[in-house]
2 protein chains.
Amino acid sequence: MDAFTFYCPTLFAFGDGEEKKTAELVRKFGGSKVLLVYGGGSVKRNGAYDAVTASLQEAGIPWVELSGIQANPRSGKVYEGIELARREQADLLLALGGGSVIDTAKAIGIGVGYDGDFWDFFTGKAKIESTLPVGVVLTISAAGSEASDSTVITQERGNLKWGNPRTDIIRPKFAIMNPRYPMSLPPYQIASGAADMMAHILERYFSNTPDVELTDQLCEALLKTILNAAPKAVANPKDYAAQADLMWAGMLAHNNTCGVGRAQDWGSHQMGHELSAFYDCAHGASLAIMLPAWMEYVMSHDVMRFARFAVNVMGCEMDHSNPERTAREGIEKLRATWSSWGLPTSFAGIQAKAEDIPAMVAHRAERPNGFPFGNFVKIGPDEMADVMQIAANR
Amino acid sequence: MDAFTFYCPTLFAFGDGEEKKTAELVRKFGGSKVLLVYGGGSVKRNGAYDAVTASLQEAGIPWVELSGIQANPRSGKVYEGIELARREQADLLLALGGGSVIDTAKAIGIGVGYDGDFWDFFTGKAKIESTLPVGVVLTISAAGSEASDSTVITQERGNLKWGNPRTDIIRPKFAIMNPRYPMSLPPYQIASGAADMMAHILERYFSNTPDVELTDQLCEALLKTILNAAPKAVANPKDYAAQADLMWAGMLAHNNTCGVGRAQDWGSHQMGHELSAFYDCAHGASLAIMLPAWMEYVMSHDVMRFARFAVNVMGCEMDHSNPERTAREGIEKLRATWSSWGLPTSFAGIQAKAEDIPAMVAHRAERPNGFPFGNFVKIGPDEMADVMQIAANR
């Protein structure tokens, strides 16, 4: 186990009705005027918007609104939010929604007090040293941004989907998590979210760091929980127990509880981001396509780790005379599972084209330190093309 | 899953050499003069005292010392520490040691700013509303007090070993965790600490709350990790990987990561506290005696949960025609495992006497709300005597 620092000072209020605590938590973390950030109609349809604004109103906390945040959130809304927060002197950002809304709020938070372009924090030109406090009312179980140390924004100049350098400073101060809100999502989005959280765990699971039994066990515990809950929630979105498991697992999958003290890979995410940037597909879906392809490609690097995944997570029988067969079976079973939830697991599933692979590789290469990426196995431009070709060939 | 709040804003610096960050973390959390709390010679022998004081000295942070804290920490040292902190105007308490030292620092922390007797917080006469910040340099993997919301102190007036009403206010601000420090402990103490952390998980695992698959999985992951690491650390205390697993598992076992959203039992702890109060045995040893006896006594309440424990944690084969047999086998295997680590699992192991059972039950009855205790199964005076008799009969 490597040395590490873990600091996740987020207050979680979890359960049905917890959104009634919105105003109390806003005040606890120093908010006296709120910038409420959200997407579109869904939070109005499922009652979340009404509940949250009612709580603020009763407590006499004024707020202004920034709405229209979309999936794969874009820089334009961040610039707009920074201007609005400054003009209205908001002192707390309240994200009402899922990962895109939270990531937008986080980016606004670091930008408000900074004189230059917030994008400087993403290019490395500036270092994140402070933020306006961010609170969350979560309505989608997926990204884990409600307690994570990162935000991913697409810069419209150049269509660059980048994450910030990770820092505990941008972890939200509080997250209200009511498992009833995701019940109104389409099953495809529930499935996509579950794949996203599994990917967050697998990016940590495939590691070269020795002696990481504890976090291996935690990864496997979370993966098994998601594999158990996701098909239930997809089949019946009103299943409270399944939605509760997914919502809490999504947070634990990405606040680094299961990633401390070990090198992490994150190569599949980089390739998934390119797929999303080119085809605007759901983040989870891009991972359902790229992660199994990556697993096939790198499997020979550590067959026994893939065999362990197959046995301990996917429930395969260990073939002691042929661990590679077991390892391969685990990957196939993962693909079949995601497919059974209605997710794409190949280029064909999102009408992506093999001809675009060189353009996606070239686009990745434009970013500073674009190649190589990944830690479990280093991926250069040729390897990226090969992995993408596996996903295209299915 | 029940609704819950989870708030653990403790910064963890984990790994070999992290104690060099002591001064930096003291300053981060507002300390300008430290009250350093520790036990006896062990932190001087293993280098922890020298490393921590060197860090403070280099940074020019003054400190005063309160030493001589013993296992099952007593109120006398708390009163002494409160006086000392007031007189010297210390603004941060630095606990250097294990659970007893940390619990003492926590109790001092809530007492310094309170006009009355700190024990009022334990009797319920006063409510904990603030504390001096507490930092930890951990040298014993066991109690999990480095991030927990509780402290257990023995009030010398009446020999009352009580915990405070749980509150996030008393969670330490930071915990420095170097897995090398426990290497100098006697194997018996390492084993006792591992049993303590397993008990912290099992008190949460045996629950009547439905739909708690996620936390069940996390409990099992931690229990398996401890079962894997503890015998290695007992056989070879210099095994860094095993000590690292135990140290991080001990924290996760008690910061409530695996207990959120479910009713918890804590009956065995109550009975263990009486055993410790009468015979001054190690806390972990008292649990190794009382917990399996309690498990036998309550098993019929939910045989399938005990069978799950036997299969998923203790590695027993499921006897589908006789789940009770599997359940019983799991308990026996737990006892045999603890015994193989050198721990007592019966009254005889600590020279406790069955004749004292009525006195222990009577002592428990003296405390306000002494009976019934426990949530999985309610334990009254007769039941407590029966459970203790099981432990005495072995």
# chains A, B, ... in the order shown; residues from 1 in each chain; ligands from 1

call {"tool": "interface_residues", "arguments": {"of": "chain A", "to": "chain B", "cutoff": "7 Å", "atoms": "only C-alpha atoms", "output": "ChimeraX atom specification"}}
result
/A:1-16,211,213-214,217-218,221-222,225,241,245

call {"tool": "select_by_dssp", "arguments": {"residues": "segment 23-114 of chain B", "states": "helix (DSSP H, G or I)", "output": "number ranges by chain"}}
result
B: 23-28, 42-45, 48-59, 75-88, 99-112

call {"tool": "closest_residue", "arguments": {"among": "A:Ala385, A:Ala23, A:Ala354, A:Ile170", "to": "Ser55 of chain A", "atoms": "only C-alpha atoms"}}
result
A:Ala23

call {"tool": "atom_distance", "arguments": {"atom1": "atom CA of Met183 of chain B", "atom2": "atom CA of Asp239 of chain B"}}
result
7.9 Å

call {"tool": "closest_residue", "arguments": {"among": "A:Asp382, A:Glu19, A:Asp265, A:Glu274", "to": "Met290 of chain A", "atoms": "only C-alpha atoms"}}
result
A:Glu274

call {"tool": "residues_around", "arguments": {"residues": "Trp63 of chain B", "least_positions_apart": "4", "cutoff": "9 Å", "atoms": "only C-alpha atoms", "output": "list in words"}}
result
Ser32, Lys33, Val34, Leu35, Leu36, Thr53, Leu56, Gln57, Glu88 and Ala90 of chain B

call {"tool": "residues_around", "arguments": {"residues": "Ser184 of chain A", "least_positions_apart": "6", "cutoff": "12 Å", "atoms": "only C-alpha atoms", "output": "count of residues only"}}
result
20

call {"tool": "closest_atom_pairs", "arguments": {"of": "segment 235-296 of chain A", "to": "segment 191-201 of chain A", "cutoff": "8 Å", "atoms": "only C-alpha atoms", "output": "Markdown table"}}
result
| residue | atom | partner | partner_atom | distance |
| --- | --- | --- | --- | --- |
| A:Leu246 | CA | A:Ala194 | CA | 7.0 |
| A:Ala249 | CA | A:Met197 | CA | 7.5 |
| A:Gly250 | CA | A:Met197 | CA | 5.3 |
| A:Ala253 | CA | A:Ile201 | CA | 5.4 |
| A:His254 | CA | A:His200 | CA | 6.0 |
| A:Cys258 | CA | A:Ile201 | CA | 7.1 |
| A:Gly259 | CA | A:Ile201 | CA | 7.8 |
| A:Ala282 | CA | A:Ser192 | CA | 7.0 |
| A:His283 | CA | A:Asp196 | CA | 7.0 |
| A:Gly284 | CA | A:Asp196 | CA | 4.3 |
| A:Ala285 | CA | A:Ser192 | CA | 5.5 |
| A:Leu287 | CA | A:Asp196 | CA | 6.6 |
| A:Ala288 | CA | A:Ala195 | CA | 6.3 |
| A:Leu291 | CA | A:Ala199 | CA | 7.3 |

call {"tool": "atom_distance", "arguments": {"atom1": "atom CA of Asn369 of chain A", "atom2": "atom CA of Trp266 of chain A"}}
result
14.2 Å

call {"tool": "atom_distance", "arguments": {"atom1": "atom CA of Ser346 of chain A", "atom2": "atom CA of Ile289 of chain A"}}
result
5.0 Å

call {"tool": "decode", "arguments": {"residues": "segment 96-146 of chain A", "atoms": "C-alpha atoms", "output": "PDB file, in the first residue's frame"}}
result
ATOM      1  CA  LEU A  96     -29.365  20.396  -8.124  1.00  0.00           C
ATOM      2  CA  GLY A  97     -28.927  17.452 -10.456  1.00  0.00           C
ATOM      3  CA  GLY A  98     -26.240  14.940 -11.427  1.00  0.00           C
ATOM      4  CA  GLY A  99     -22.594  15.012 -12.399  1.00  0.00           C
ATOM      5  CA  SER A 100     -22.879  17.630 -15.144  1.00  0.00           C
ATOM      6  CA  VAL A 101     -24.592  20.128 -12.907  1.00  0.00           C
ATOM      7  CA  ILE A 102     -22.224  19.472 -10.000  1.00  0.00           C
ATOM      8  CA  ASP A 103     -19.151  19.723 -12.237  1.00  0.00           C
ATOM      9  CA  THR A 104     -20.434  23.026 -13.607  1.00  0.00           C
ATOM     10  CA  ALA A 105     -20.967  24.348 -10.067  1.00  0.00           C
ATOM     11  CA  LYS A 106     -17.462  23.243  -9.043  1.00  0.00           C
ATOM     12  CA  ALA A 107     -15.930  25.028 -12.037  1.00  0.00           C
ATOM     13  CA  ILE A 108     -17.918  28.174 -11.267  1.00  0.00           C
ATOM     14  CA  GLY A 109     -16.793  27.914  -7.654  1.00  0.00           C
ATOM     15  CA  ILE A 110     -13.097  28.056  -8.489  1.00  0.00           C
ATOM     16  CA  GLY A 111     -13.614  30.699 -11.163  1.00  0.00           C
ATOM     17  CA  VAL A 112     -15.546  33.318  -9.191  1.00  0.00           C
ATOM     18  CA  GLY A 113     -12.602  34.524  -7.129  1.00  0.00           C
ATOM     19  CA  TYR A 114     -10.038  34.239  -9.924  1.00  0.00           C
ATOM     20  CA  ASP A 115      -9.133  37.178 -12.154  1.00  0.00           C
ATOM     21  CA  GLY A 116      -8.246  35.166 -15.252  1.00  0.00           C
ATOM     22  CA  ASP A 117     -10.018  32.497 -17.330  1.00  0.00           C
ATOM     23  CA  PHE A 118     -11.238  29.564 -15.175  1.00  0.00           C
ATOM     24  CA  TRP A 119      -9.825  27.290 -17.875  1.00  0.00           C
ATOM     25  CA  ASP A 120      -6.350  28.200 -16.599  1.00  0.00           C
ATOM     26  CA  PHE A 121      -7.006  25.750 -13.762  1.00  0.00           C
ATOM     27  CA  PHE A 122      -7.514  22.979 -16.324  1.00  0.00           C
ATOM     28  CA  THR A 123      -4.461  23.761 -18.438  1.00  0.00           C
ATOM     29  CA  GLY A 124      -2.228  24.056 -15.380  1.00  0.00           C
ATOM     30  CA  LYS A 125      -1.596  27.770 -15.879  1.00  0.00           C
ATOM     31  CA  ALA A 126      -3.137  28.457 -12.457  1.00  0.00           C
ATOM     32  CA  LYS A 127      -3.396  26.388  -9.287  1.00  0.00           C
ATOM     33  CA  ILE A 128      -6.673  25.927  -7.445  1.00  0.00           C
ATOM     34  CA  GLU A 129      -6.326  27.489  -4.010  1.00  0.00           C
ATOM     35  CA  SER A 130      -9.855  28.387  -3.026  1.00  0.00           C
ATOM     36  CA  THR A 131     -13.469  28.044  -4.055  1.00  0.00           C
ATOM     37  CA  LEU A 132     -16.907  29.250  -3.145  1.00  0.00           C
ATOM     38  CA  PRO A 133     -18.575  26.477  -1.132  1.00  0.00           C
ATOM     39  CA  VAL A 134     -20.557  24.028  -3.246  1.00  0.00           C
ATOM     40  CA  GLY A 135     -23.571  22.099  -1.947  1.00  0.00           C
ATOM     41  CA  VAL A 136     -25.365  19.337  -3.811  1.00  0.00           C
ATOM     42  CA  VAL A 137     -28.876  17.955  -4.030  1.00  0.00           C
ATOM     43  CA  LEU A 138     -28.289  14.801  -6.040  1.00  0.00           C
ATOM     44  CA  THR A 139     -30.907  13.514  -8.460  1.00  0.00           C
ATOM     45  CA  ILE A 140     -28.857  11.113 -10.628  1.00  0.00           C
ATOM     46  CA  SER A 141     -26.717   8.233  -9.321  1.00  0.00           C
ATOM     47  CA  ALA A 142     -23.679   8.004 -11.550  1.00  0.00           C
ATOM     48  CA  ALA A 143     -20.743  10.375 -11.583  1.00  0.00           C
ATOM     49  CA  GLY A 144     -19.948  10.519  -7.885  1.00  0.00           C
ATOM     50  CA  SER A 145     -19.129  14.189  -8.275  1.00  0.00           C
ATOM     51  CA  GLU A 146     -21.109  14.906  -5.096  1.00  0.00           C
TER      52      GLU A 146
END
